[in-house]
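Undergrad: Following this line is data.pdb, made up of PDB, N, CA, C and O atoms:
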ATOM      1  N   MET L  88      -7.868   0.364   5.659  1.00  0.00           N
ATOM      2  CA  MET L  88      -7.349   1.571   6.205  1.00  0.00           C
ATOM      3  C   MET L  88      -8.354   2.665   5.942  1.00  0.00           C
ATOM      4  O   MET L  88      -8.988   2.689   4.898  1.00  0.00           O
ATOM      5  N   ARG L  89      -8.489   3.575   6.867  1.00  0.00           N
ATOM      6  CA  ARG L  89      -9.443   4.668   6.689  1.00  0.00           C
ATOM      7  C   ARG L  89      -8.697   5.982   6.504  1.00  0.00           C
ATOM      8  O   ARG L  89      -7.879   6.372   7.331  1.00  0.00           O
ATOM      9  N   LEU L  90      -8.996   6.638   5.383  1.00  0.00           N
ATOM     10  CA  LEU L  90      -8.416   7.927   5.026  1.00  0.00           C
ATOM     11  C   LEU L  90      -9.536   8.808   4.495  1.00  0.00           C
ATOM     12  O   LEU L  90     -10.701   8.441   4.572  1.00  0.00           O
ATOM     13  N   ARG L  91      -9.192   9.943   3.924  1.00  0.00           N
ATOM     14  CA  ARG L  91     -10.198  10.782   3.273  1.00  0.00           C
ATOM     15  C   ARG L  91     -10.727  10.084   2.031  1.00  0.00           C
ATOM     16  O   ARG L  91      -9.964   9.440   1.310  1.00  0.00           O
ATOM     17  N   PRO L  92     -12.013  10.242   1.721  1.00  0.00           N
ATOM     18  CA  PRO L  92     -12.552   9.675   0.481  1.00  0.00           C
ATOM     19  C   PRO L  92     -11.943  10.358  -0.746  1.00  0.00           C
ATOM     20  O   PRO L  92     -11.528  11.514  -0.680  1.00  0.00           O
ATOM     21  N   GLY L  93     -11.874   9.615  -1.862  1.00  0.00           N
ATOM     22  CA  GLY L  93     -11.463  10.188  -3.133  1.00  0.00           C
ATOM     23  C   GLY L  93      -9.966  10.252  -3.379  1.00  0.00           C
ATOM     24  O   GLY L  93      -9.526  10.889  -4.335  1.00  0.00           O
ATOM     25  N   LEU L  94      -9.162   9.587  -2.583  1.00  0.00           N
ATOM     26  CA  LEU L  94      -7.717   9.592  -2.759  1.00  0.00           C
ATOM     27  C   LEU L  94      -7.271   8.452  -3.680  1.00  0.00           C
ATOM     28  O   LEU L  94      -8.000   7.486  -3.876  1.00  0.00           O
ATOM     29  N   THR L  95      -6.070   8.566  -4.229  1.00  0.00           N
ATOM     30  CA  THR L  95      -5.438   7.466  -4.949  1.00  0.00           C
ATOM     31  C   THR L  95      -4.481   6.812  -3.966  1.00  0.00           C
ATOM     32  O   THR L  95      -3.538   7.456  -3.490  1.00  0.00           O
ATOM     33  N   VAL L  96      -4.737   5.550  -3.635  1.00  0.00           N
ATOM     34  CA  VAL L  96      -3.995   4.865  -2.563  1.00  0.00           C
ATOM     35  C   VAL L  96      -3.438   3.551  -3.101  1.00  0.00           C
ATOM     36  O   VAL L  96      -4.070   2.873  -3.902  1.00  0.00           O
ATOM     37  N   ARG L  97      -2.237   3.203  -2.641  1.00  0.00           N
ATOM     38  CA  ARG L  97      -1.633   1.922  -2.997  1.00  0.00           C
ATOM     39  C   ARG L  97      -0.896   1.371  -1.782  1.00  0.00           C
ATOM     40  O   ARG L  97      -0.658   2.096  -0.809  1.00  0.00           O
ATOM     41  N   TYR L  98      -0.563   0.092  -1.845  1.00  0.00           N
ATOM     42  CA  TYR L  98       0.340  -0.455  -0.835  1.00  0.00           C
ATOM     43  C   TYR L  98       1.561  -1.012  -1.536  1.00  0.00           C
ATOM     44  O   TYR L  98       1.494  -1.474  -2.670  1.00  0.00           O
ATOM     45  N   VAL L  99       2.705  -0.891  -0.864  1.00  0.00           N
ATOM     46  CA  VAL L  99       3.976  -1.367  -1.390  1.00  0.00           C
ATOM     47  C   VAL L  99       4.402  -2.555  -0.539  1.00  0.00           C
ATOM     48  O   VAL L  99       4.459  -2.462   0.687  1.00  0.00           O
ATOM     49  N   PHE L 100       4.684  -3.665  -1.189  1.00  0.00           N
ATOM     50  CA  PHE L 100       5.063  -4.917  -0.541  1.00  0.00           C
ATOM     51  C   PHE L 100       6.553  -5.124  -0.766  1.00  0.00           C
ATOM     52  O   PHE L 100       7.036  -5.057  -1.898  1.00  0.00           O
ATOM     53  N   ALA L 101       7.308  -5.357   0.305  1.00  0.00           N
ATOM     54  CA  ALA L 101       8.746  -5.607   0.196  1.00  0.00           C
ATOM     55  C   ALA L 101       9.157  -6.647   1.233  1.00  0.00           C
ATOM     56  O   ALA L 101       8.501  -6.810   2.260  1.00  0.00           O
ATOM     57  N   MET L 102      10.234  -7.341   0.932  1.00  0.00           N
ATOM     58  CA  MET L 102      10.817  -8.298   1.876  1.00  0.00           C
ATOM     59  C   MET L 102      12.246  -7.834   2.173  1.00  0.00           C
ATOM     60  O   MET L 102      13.177  -8.162   1.428  1.00  0.00           O
ATOM     61  N   PRO L 103      12.434  -7.045   3.252  1.00  0.00           N
ATOM     62  CA  PRO L 103      13.746  -6.467   3.547  1.00  0.00           C
ATOM     63  C   PRO L 103      14.859  -7.498   3.709  1.00  0.00           C
ATOM     64  O   PRO L 103      16.009  -7.206   3.406  1.00  0.00           O
ATOM     65  N   SER L 104      14.532  -8.689   4.153  1.00  0.00           N
ATOM     66  CA  SER L 104      15.560  -9.714   4.332  1.00  0.00           C
ATOM     67  C   SER L 104      15.957 -10.358   2.999  1.00  0.00           C
ATOM     68  O   SER L 104      16.908 -11.132   2.946  1.00  0.00           O
ATOM     69  N   MET L 105      15.225 -10.037   1.927  1.00  0.00           N
ATOM     70  CA  MET L 105      15.524 -10.578   0.596  1.00  0.00           C
ATOM     71  C   MET L 105      15.484  -9.433  -0.425  1.00  0.00           C
ATOM     72  O   MET L 105      14.562  -9.361  -1.242  1.00  0.00           O
ATOM     73  N   PRO L 106      16.449  -8.506  -0.378  1.00  0.00           N
ATOM     74  CA  PRO L 106      16.401  -7.332  -1.263  1.00  0.00           C
ATOM     75  C   PRO L 106      16.381  -7.676  -2.751  1.00  0.00           C
ATOM     76  O   PRO L 106      15.882  -6.895  -3.557  1.00  0.00           O
ATOM     77  N   GLU L 107      16.884  -8.845  -3.116  1.00  0.00           N
ATOM     78  CA  GLU L 107      16.867  -9.229  -4.529  1.00  0.00           C
ATOM     79  C   GLU L 107      15.444  -9.439  -5.052  1.00  0.00           C
ATOM     80  O   GLU L 107      15.222  -9.464  -6.260  1.00  0.00           O
ATOM     81  N   MET L 108      14.489  -9.597  -4.152  1.00  0.00           N
ATOM     82  CA  MET L 108      13.085  -9.761  -4.545  1.00  0.00           C
ATOM     83  C   MET L 108      12.479  -8.437  -4.999  1.00  0.00           C
ATOM     84  O   MET L 108      11.456  -8.420  -5.669  1.00  0.00           O
ATOM     85  N   GLY L 109      13.090  -7.315  -4.615  1.00  0.00           N
ATOM     86  CA  GLY L 109      12.588  -6.004  -5.006  1.00  0.00           C
ATOM     87  C   GLY L 109      11.330  -5.619  -4.247  1.00  0.00           C
ATOM     88  O   GLY L 109      10.996  -6.195  -3.219  1.00  0.00           O
ATOM     89  N   ARG L 110      10.647  -4.618  -4.784  1.00  0.00           N
ATOM     90  CA  ARG L 110       9.394  -4.137  -4.207  1.00  0.00           C
ATOM     91  C   ARG L 110       8.327  -4.168  -5.286  1.00  0.00           C
ATOM     92  O   ARG L 110       8.632  -4.044  -6.467  1.00  0.00           O
ATOM     93  N   VAL L 111       7.096  -4.322  -4.870  1.00  0.00           N
ATOM     94  CA  VAL L 111       5.984  -4.309  -5.823  1.00  0.00           C
ATOM     95  C   VAL L 111       4.849  -3.514  -5.187  1.00  0.00           C
ATOM     96  O   VAL L 111       4.675  -3.530  -3.977  1.00  0.00           O
ATOM     97  N   SER L 112       4.106  -2.779  -6.010  1.00  0.00           N
ATOM     98  CA  SER L 112       2.995  -1.994  -5.479  1.00  0.00           C
ATOM     99  C   SER L 112       1.688  -2.435  -6.121  1.00  0.00           C
ATOM    100  O   SER L 112       1.661  -2.885  -7.271  1.00  0.00           O
ATOM    101  N   PHE L 113       0.613  -2.303  -5.351  1.00  0.00           N
ATOM    102  CA  PHE L 113      -0.719  -2.689  -5.790  1.00  0.00           C
ATOM    103  C   PHE L 113      -1.700  -1.585  -5.407  1.00  0.00           C
ATOM    104  O   PHE L 113      -1.608  -1.043  -4.308  1.00  0.00           O
ATOM    105  N   PRO L 114      -2.655  -1.252  -6.282  1.00  0.00           N
ATOM    106  CA  PRO L 114      -3.652  -0.244  -5.935  1.00  0.00           C
ATOM    107  C   PRO L 114      -4.600  -0.754  -4.855  1.00  0.00           C
ATOM    108  O   PRO L 114      -4.839  -1.957  -4.734  1.00  0.00           O
ATOM    109  N   MET L 115      -5.112   0.181  -4.078  1.00  0.00           N
ATOM    110  CA  MET L 115      -6.132  -0.150  -3.083  1.00  0.00           C
ATOM    111  C   MET L 115      -7.455   0.418  -3.578  1.00  0.00           C
ATOM    112  O   MET L 115      -7.501   1.496  -4.169  1.00  0.00           O
ATOM    113  N   ASP L 116      -8.533  -0.301  -3.342  1.00  0.00           N
ATOM    114  CA  ASP L 116      -9.863   0.107  -3.785  1.00  0.00           C
ATOM    115  C   ASP L 116     -10.512   1.003  -2.746  1.00  0.00           C
ATOM    116  O   ASP L 116     -10.498   0.690  -1.558  1.00  0.00           O
ATOM    117  N   GLY L 117     -11.104   2.114  -3.231  1.00  0.00           N
ATOM    118  CA  GLY L 117     -11.851   2.997  -2.348  1.00  0.00           C
ATOM    119  C   GLY L 117     -13.204   2.402  -2.008  1.00  0.00           C
ATOM    120  O   GLY L 117     -13.865   1.810  -2.861  1.00  0.00           O
ATOM    121  N   ARG L 118     -13.594   2.543  -0.758  1.00  0.00           N
ATOM    122  CA  ARG L 118     -14.894   2.067  -0.276  1.00  0.00           C
ATOM    123  C   ARG L 118     -15.632   3.248   0.352  1.00  0.00           C
ATOM    124  O   ARG L 118     -15.020   4.260   0.685  1.00  0.00           O
ATOM    125  N   PRO L 119     -16.917   3.140   0.568  1.00  0.00           N
ATOM    126  CA  PRO L 119     -17.662   4.241   1.188  1.00  0.00           C
ATOM    127  C   PRO L 119     -17.074   4.629   2.553  1.00  0.00           C
ATOM    128  O   PRO L 119     -16.559   3.794   3.285  1.00  0.00           O
ATOM    129  N   GLY L 120     -17.164   5.921   2.858  1.00  0.00           N
ATOM    130  CA  GLY L 120     -16.729   6.411   4.161  1.00  0.00           C
ATOM    131  C   GLY L 120     -15.232   6.619   4.291  1.00  0.00           C
ATOM    132  O   GLY L 120     -14.713   6.805   5.383  1.00  0.00           O
ATOM    133  N   GLY L 121     -14.489   6.580   3.163  1.00  0.00           N
ATOM    134  CA  GLY L 121     -13.048   6.796   3.223  1.00  0.00           C
ATOM    135  C   GLY L 121     -12.231   5.554   3.543  1.00  0.00           C
ATOM    136  O   GLY L 121     -11.046   5.654   3.829  1.00  0.00           O
ATOM    137  N   TRP L 122     -12.871   4.386   3.482  1.00  0.00           N
ATOM    138  CA  TRP L 122     -12.132   3.136   3.723  1.00  0.00           C
ATOM    139  C   TRP L 122     -11.473   2.684   2.425  1.00  0.00           C
ATOM    140  O   TRP L 122     -12.025   2.843   1.339  1.00  0.00           O
ATOM    141  N   TYR L 123     -10.287   2.098   2.548  1.00  0.00           N
ATOM    142  CA  TYR L 123      -9.554   1.565   1.401  1.00  0.00           C
ATOM    143  C   TYR L 123      -9.150   0.137   1.716  1.00  0.00           C
ATOM    144  O   TYR L 123      -8.789  -0.179   2.849  1.00  0.00           O
ATOM    145  N   ALA L 124      -9.214  -0.732   0.694  1.00  0.00           N
ATOM    146  CA  ALA L 124      -8.903  -2.142   0.918  1.00  0.00           C
ATOM    147  C   ALA L 124      -8.033  -2.669  -0.215  1.00  0.00           C
ATOM    148  O   ALA L 124      -8.143  -2.241  -1.361  1.00  0.00           O
ATOM    149  N   GLY L 125      -7.162  -3.592   0.129  1.00  0.00           N
ATOM    150  CA  GLY L 125      -6.323  -4.272  -0.850  1.00  0.00           C
ATOM    151  C   GLY L 125      -6.138  -5.713  -0.398  1.00  0.00           C
ATOM    152  O   GLY L 125      -6.275  -6.019   0.783  1.00  0.00           O
ATOM    153  N   ARG L 126      -5.829  -6.576  -1.320  1.00  0.00           N
ATOM    154  CA  ARG L 126      -5.630  -7.990  -1.006  1.00  0.00           C
ATOM    155  C   ARG L 126      -4.139  -8.278  -0.994  1.00  0.00           C
ATOM    156  O   ARG L 126      -3.430  -7.963  -1.944  1.00  0.00           O
ATOM    157  N   ILE L 127      -3.683  -8.878   0.090  1.00  0.00           N
ATOM    158  CA  ILE L 127      -2.275  -9.236   0.218  1.00  0.00           C
ATOM    159  C   ILE L 127      -2.176 -10.753   0.278  1.00  0.00           C
ATOM    160  O   ILE L 127      -2.812 -11.388   1.110  1.00  0.00           O
ATOM    161  N   VAL L 128      -1.382 -11.322  -0.620  1.00  0.00           N
ATOM    162  CA  VAL L 128      -1.144 -12.757  -0.632  1.00  0.00           C
ATOM    163  C   VAL L 128       0.338 -12.977  -0.370  1.00  0.00           C
ATOM    164  O   VAL L 128       1.190 -12.491  -1.117  1.00  0.00           O
ATOM    165  N   PHE L 129       0.646 -13.658   0.720  1.00  0.00           N
ATOM    166  CA  PHE L 129       2.029 -13.912   1.087  1.00  0.00           C
ATOM    167  C   PHE L 129       2.490 -15.192   0.399  1.00  0.00           C
ATOM    168  O   PHE L 129       2.026 -16.277   0.717  1.00  0.00           O
ATOM    169  N   GLY L 130       3.427 -15.061  -0.537  1.00  0.00           N
ATOM    170  CA  GLY L 130       3.887 -16.197  -1.316  1.00  0.00           C
ATOM    171  C   GLY L 130       4.931 -17.054  -0.621  1.00  0.00           C
ATOM    172  O   GLY L 130       5.140 -18.202  -0.973  1.00  0.00           O
ATOM    173  N   MET L 131       5.603 -16.477   0.379  1.00  0.00           N
ATOM    174  CA  MET L 131       6.649 -17.227   1.071  1.00  0.00           C
ATOM    175  C   MET L 131       6.843 -16.644   2.465  1.00  0.00           C
ATOM    176  O   MET L 131       6.436 -15.534   2.734  1.00  0.00           O
ATOM    177  N   ALA L 132       7.466 -17.425   3.309  1.00  0.00           N
ATOM    178  CA  ALA L 132       7.730 -16.970   4.674  1.00  0.00           C
ATOM    179  C   ALA L 132       8.902 -15.997   4.674  1.00  0.00           C
ATOM    180  O   ALA L 132       9.795 -16.076   3.837  1.00  0.00           O
ATOM    181  N   GLY L 133       8.892 -15.076   5.615  1.00  0.00           N
ATOM    182  CA  GLY L 133       9.980 -14.117   5.753  1.00  0.00           C
ATOM    183  C   GLY L 133       9.468 -12.801   6.271  1.00  0.00           C
ATOM    184  O   GLY L 133       8.260 -12.555   6.347  1.00  0.00           O
ATOM    185  N   VAL L 134      10.393 -11.936   6.634  1.00  0.00           N
ATOM    186  CA  VAL L 134      10.038 -10.597   7.113  1.00  0.00           C
ATOM    187  C   VAL L 134       9.438  -9.823   5.956  1.00  0.00           C
ATOM    188  O   VAL L 134       9.998  -9.788   4.862  1.00  0.00           O
ATOM    189  N   THR L 135       8.294  -9.214   6.188  1.00  0.00           N
ATOM    190  CA  THR L 135       7.579  -8.475   5.154  1.00  0.00           C
ATOM    191  C   THR L 135       7.297  -7.060   5.626  1.00  0.00           C
ATOM    192  O   THR L 135       6.913  -6.856   6.774  1.00  0.00           O
ATOM    193  N   ALA L 136       7.489  -6.089   4.754  1.00  0.00           N
ATOM    194  CA  ALA L 136       7.167  -4.691   5.044  1.00  0.00           C
ATOM    195  C   ALA L 136       6.058  -4.248   4.100  1.00  0.00           C
ATOM    196  O   ALA L 136       6.181  -4.404   2.886  1.00  0.00           O
ATOM    197  N   ILE L 137       4.987  -3.725   4.665  1.00  0.00           N
ATOM    198  CA  ILE L 137       3.877  -3.199   3.882  1.00  0.00           C
ATOM    199  C   ILE L 137       3.776  -1.710   4.187  1.00  0.00           C
ATOM    200  O   ILE L 137       3.655  -1.317   5.349  1.00  0.00           O
ATOM    201  N   THR L 138       3.830  -0.887   3.152  1.00  0.00           N
ATOM    202  CA  THR L 138       3.714   0.560   3.314  1.00  0.00           C
ATOM    203  C   THR L 138       2.494   1.029   2.535  1.00  0.00           C
ATOM    204  O   THR L 138       2.346   0.697   1.357  1.00  0.00           O
ATOM    205  N   ILE L 139       1.625   1.791   3.181  1.00  0.00           N
ATOM    206  CA  ILE L 139       0.458   2.384   2.520  1.00  0.00           C
ATOM    207  C   ILE L 139       0.875   3.770   2.050  1.00  0.00           C
ATOM    208  O   ILE L 139       1.432   4.549   2.815  1.00  0.00           O
ATOM    209  N   GLN L 140       0.613   4.071   0.767  1.00  0.00           N
ATOM    210  CA  GLN L 140       1.003   5.355   0.204  1.00  0.00           C
ATOM    211  C   GLN L 140      -0.186   6.036  -0.458  1.00  0.00           C
ATOM    212  O   GLN L 140      -1.074   5.374  -0.994  1.00  0.00           O
ATOM    213  N   VAL L 141      -0.161   7.384  -0.432  1.00  0.00           N
ATOM    214  CA  VAL L 141      -1.201   8.210  -1.037  1.00  0.00           C
ATOM    215  C   VAL L 141      -0.536   9.112  -2.078  1.00  0.00           C
ATOM    216  O   VAL L 141       0.529   9.679  -1.821  1.00  0.00           O
ATOM    217  N   LEU L 142      -1.161   9.230  -3.246  1.00  0.00           N
ATOM    218  CA  LEU L 142      -0.639  10.109  -4.294  1.00  0.00           C
ATOM    219  C   LEU L 142      -0.979  11.552  -3.938  1.00  0.00           C
ATOM    220  O   LEU L 142      -2.156  11.893  -3.766  1.00  0.00           O
ATOM    221  N   ASP L 143       0.052  12.384  -3.793  1.00  0.00           N
ATOM    222  CA  ASP L 143      -0.125  13.790  -3.391  1.00  0.00           C
ATOM    223  C   ASP L 143       0.630  14.683  -4.368  1.00  0.00           C
ATOM    224  O   ASP L 143       1.863  14.682  -4.360  1.00  0.00           O
ATOM    225  N   HIS L 144      -0.090  15.392  -5.209  1.00  0.00           N
ATOM    226  CA  HIS L 144       0.516  16.305  -6.193  1.00  0.00           C
ATOM    227  C   HIS L 144       1.569  15.598  -7.048  1.00  0.00           C
ATOM    228  O   HIS L 144       2.668  16.108  -7.257  1.00  0.00           O
ATOM    229  N   GLY L 145       1.273  14.384  -7.505  1.00  0.00           N
ATOM    230  CA  GLY L 145       2.143  13.636  -8.398  1.00  0.00           C
ATOM    231  C   GLY L 145       3.250  12.861  -7.718  1.00  0.00           C
ATOM    232  O   GLY L 145       4.084  12.251  -8.386  1.00  0.00           O
ATOM    233  N   SER L 146       3.289  12.858  -6.400  1.00  0.00           N
ATOM    234  CA  SER L 146       4.331  12.142  -5.652  1.00  0.00           C
ATOM    235  C   SER L 146       3.695  11.231  -4.608  1.00  0.00           C
ATOM    236  O   SER L 146       2.755  11.636  -3.930  1.00  0.00           O
ATOM    237  N   TRP L 147       4.223  10.012  -4.481  1.00  0.00           N
ATOM    238  CA  TRP L 147       3.686   9.077  -3.497  1.00  0.00           C
ATOM    239  C   TRP L 147       4.254   9.390  -2.115  1.00  0.00           C
ATOM    240  O   TRP L 147       5.450   9.535  -1.956  1.00  0.00           O
ATOM    241  N   GLN L 148       3.357   9.522  -1.131  1.00  0.00           N
ATOM    242  CA  GLN L 148       3.727   9.817   0.253  1.00  0.00           C
ATOM    243  C   GLN L 148       3.200   8.713   1.161  1.00  0.00           C
ATOM    244  O   GLN L 148       2.081   8.224   0.954  1.00  0.00           O
ATOM    245  N   ALA L 149       3.985   8.353   2.165  1.00  0.00           N
ATOM    246  CA  ALA L 149       3.527   7.343   3.131  1.00  0.00           C
ATOM    247  C   ALA L 149       2.341   7.870   3.920  1.00  0.00           C
ATOM    248  O   ALA L 149       2.360   9.024   4.382  1.00  0.00           O
ATOM    249  N   ALA L 150       1.294   7.056   4.043  1.00  0.00           N
ATOM    250  CA  ALA L 150       0.116   7.437   4.835  1.00  0.00           C
ATOM    251  C   ALA L 150       0.446   7.277   6.312  1.00  0.00           C
ATOM    252  O   ALA L 150       1.129   6.339   6.704  1.00  0.00           O
ATOM    253  N   ARG L 151      -0.022   8.199   7.110  1.00  0.00           N
ATOM    254  CA  ARG L 151       0.200   8.126   8.566  1.00  0.00           C
ATOM    255  C   ARG L 151      -1.097   8.271   9.293  1.00  0.00           C
ATOM    256  O   ARG L 151      -1.976   8.923   8.909  1.00  0.00           O
TER
END
Could I get this file's structure written as structure tokens?

TA:
Amino acid sequence: MRLRPGLTVRYVFAMPSMPEMGRVSFPMDGRPGGWYAGRIVFGMAGVTAITIQVLDHGSWQAAR
């Protein structure tokens, strides 16, 4: 994903069809030019929701 350089970015992994699994977040690594990358490993089949978030003044906001 490409955003402004120097941000704190994470992705949140959730399986809406299995709410008992909860949600988990992982940091994304900053790359030159404002690119951010993270590794996603799908452990099982099912509907998956991935949300990219940016830390803004101490609060996580969805990236758009």

Undergrad: With only C-alpha atoms as the atoms that count, which of L:Ala124, L:Ala149, L:Met102, L:Ala132 lies nearest to Met88 of chain L?

TA: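 The answer is L:Ala124, which sits nearest to Met88 of chain L.
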
Undergrad: So which bits of chain L end up helix (DSSP H, G or I) when you DSSP the backbone, as a PyMOL selection string?

TA: chain L and resi 106-108+119-121

Undergrad: Those same residues - N, CA, C and O atoms - I'd like them written as a JSON list (two decimals), in the frame of the given file.

TA:
[["chain", "number", "residue", "atom", "x", "y", "z"],
["L", 106, "PRO", "N", 16.45, -8.51, -0.38],
["L", 106, "PRO", "CA", 16.40, -7.33, -1.26],
["L", 106, "PRO", "C", 16.38, -7.68, -2.75],
["L", 106, "PRO", "O", 15.88, -6.90, -3.56],
["L", 107, "GLU", "N", 16.88, -8.85, -3.12],
["L", 107, "GLU", "CA", 16.87, -9.23, -4.53],
["L", 107, "GLU", "C", 15.44, -9.44, -5.05],
["L", 107, "GLU", "O", 15.22, -9.46, -6.26],
["L", 108, "MET", "N", 14.49, -9.60, -4.15],
["L", 108, "MET", "CA", 13.08, -9.76, -4.54],
["L", 108, "MET", "C", 12.48, -8.44, -5.00],
["L", 108, "MET", "O", 11.46, -8.42, -5.67],
["L", 119, "PRO", "N", -16.92, 3.14, 0.57],
["L", 119, "PRO", "CA", -17.66, 4.24, 1.19],
["L", 119, "PRO", "C", -17.07, 4.63, 2.55],
["L", 119, "PRO", "O", -16.56, 3.79, 3.28],
["L", 120, "GLY", "N", -17.16, 5.92, 2.86],
["L", 120, "GLY", "CA", -16.73, 6.41, 4.16],
["L", 120, "GLY", "C", -15.23, 6.62, 4.29],
["L", 120, "GLY", "O", -14.71, 6.80, 5.38],
["L", 121, "GLY", "N", -14.49, 6.58, 3.16],
["L", 121, "GLY", "CA", -13.05, 6.80, 3.22],
["L", 121, "GLY", "C", -12.23, 5.55, 3.54],
["L", 121, "GLY", "O", -11.05, 5.65, 3.83]]

Undergrad: Would you be able to write out as a ChimeraX atom specification which residues have an atom within 6 Å of (-0.3, 2.0, -1.8) in the file's coordinates, counting only N, CA, C and O atoms?

TA: /L:96-99,113-115,138-141

Undergrad: For atom CA of Ile127 of chain L and atom CA of Ser104 of chain L, quote the distance in Å rounded to one decimal.

TA: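 Atom CA of Ile127 of chain L sits 18.3 Å away from atom CA of Ser104 of chain L.
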
Undergrad: Step by step, work through what the PyMOL selection byres ((chain L and resi 89) around 8) selects in the shown file, and finish by giving those residues as a list in words.

TA: Met88, Leu90, Arg91, Pro92, Pro119, Gly120, Gly121, Trp122, Tyr123, Ala124 and Arg151 of chain L

Undergrad: Emit the selected residues as a short mmCIF file (atom, residue, chain, number, x, y, z; two decimals), keeping the file's coordinate frame, including N, CA, C and O atoms.

TA:
data_model
loop_
_atom_site.label_atom_id
_atom_site.label_comp_id
_atom_site.auth_asym_id
_atom_site.auth_seq_id
_atom_site.Cartn_x
_atom_site.Cartn_y
_atom_site.Cartn_z
N MET L 88 -7.87 0.36 5.66
CA MET L 88 -7.35 1.57 6.20
C MET L 88 -8.35 2.66 5.94
O MET L 88 -8.99 2.69 4.90
N LEU L 90 -9.00 6.64 5.38
CA LEU L 90 -8.42 7.93 5.03
C LEU L 90 -9.54 8.81 4.50
O LEU L 90 -10.70 8.44 4.57
N ARG L 91 -9.19 9.94 3.92
CA ARG L 91 -10.20 10.78 3.27
C ARG L 91 -10.73 10.08 2.03
O ARG L 91 -9.96 9.44 1.31
N PRO L 92 -12.01 10.24 1.72
CA PRO L 92 -12.55 9.68 0.48
C PRO L 92 -11.94 10.36 -0.75
O PRO L 92 -11.53 11.51 -0.68
N PRO L 119 -16.92 3.14 0.57
CA PRO L 119 -17.66 4.24 1.19
C PRO L 119 -17.07 4.63 2.55
O PRO L 119 -16.56 3.79 3.28
N GLY L 120 -17.16 5.92 2.86
CA GLY L 120 -16.73 6.41 4.16
C GLY L 120 -15.23 6.62 4.29
O GLY L 120 -14.71 6.80 5.38
N GLY L 121 -14.49 6.58 3.16
CA GLY L 121 -13.05 6.80 3.22
C GLY L 121 -12.23 5.55 3.54
O GLY L 121 -11.05 5.65 3.83
N TRP L 122 -12.87 4.39 3.48
CA TRP L 122 -12.13 3.14 3.72
C TRP L 122 -11.47 2.68 2.42
O TRP L 122 -12.02 2.84 1.34
N TYR L 123 -10.29 2.10 2.55
CA TYR L 123 -9.55 1.56 1.40
C TYR L 123 -9.15 0.14 1.72
O TYR L 123 -8.79 -0.18 2.85
N ALA L 124 -9.21 -0.73 0.69
CA ALA L 124 -8.90 -2.14 0.92
C ALA L 124 -8.03 -2.67 -0.22
O ALA L 124 -8.14 -2.24 -1.36
N ARG L 151 -0.02 8.20 7.11
CA ARG L 151 0.20 8.13 8.57
C ARG L 151 -1.10 8.27 9.29
O ARG L 151 -1.98 8.92 8.91
#

Undergrad: Rounded to one decimal place, report the atom CA of Thr95 of chain L-atom N of Leu142 of chain L distance in Å.

TA: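 Spanning atom CA of Thr95 of chain L to atom N of Leu142 of chain L is a straight-line distance of 4.9 Å.
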
Undergrad: Have a look at atom N of Ile137 of chain L and atom O of Phe100 of chain L and let me know their distance in Å, one decimal.

TA: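 Distance reported for this atom pair: 7.0 Å.
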
Undergrad: Taking the DSSP assignment computed from this structure's backbone, write out as JSON, numbers by chain all residues of segment 92-131 of chain L that belong to strand (DSSP E).

TA: {"L": [96, 97, 98, 99, 100, 101, 110, 111, 112, 113, 114, 116, 117, 118, 122, 123, 124]}

Undergrad: May I have the centre and edge lengths, in Å to one decimal, of an axis-aligned box around the listed atoms of segment 99-118 of chain L with 5 Å added to every side, as lines of an AutoDock Vina configuration file?

TA:
center_x = 0.6
center_y = -3.4
center_z = -1.5
size_x = 42.5
size_y = 25.4
size_z = 21.6

Undergrad: L:Asp143, L:Asp116, L:Met105, L:Arg110: which is nearest Met131 of chain L, counting only C-alpha atoms?

TA: L:Met105

Undergrad: Rank nothing, just name the residue among L:Ala150, L:Gly145, L:Ser112, L:Pro103 nearest to Arg126 of chain L, using only C-alpha atoms.

TA: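 Under the stated criterion, the closest residue is L:Ser112.
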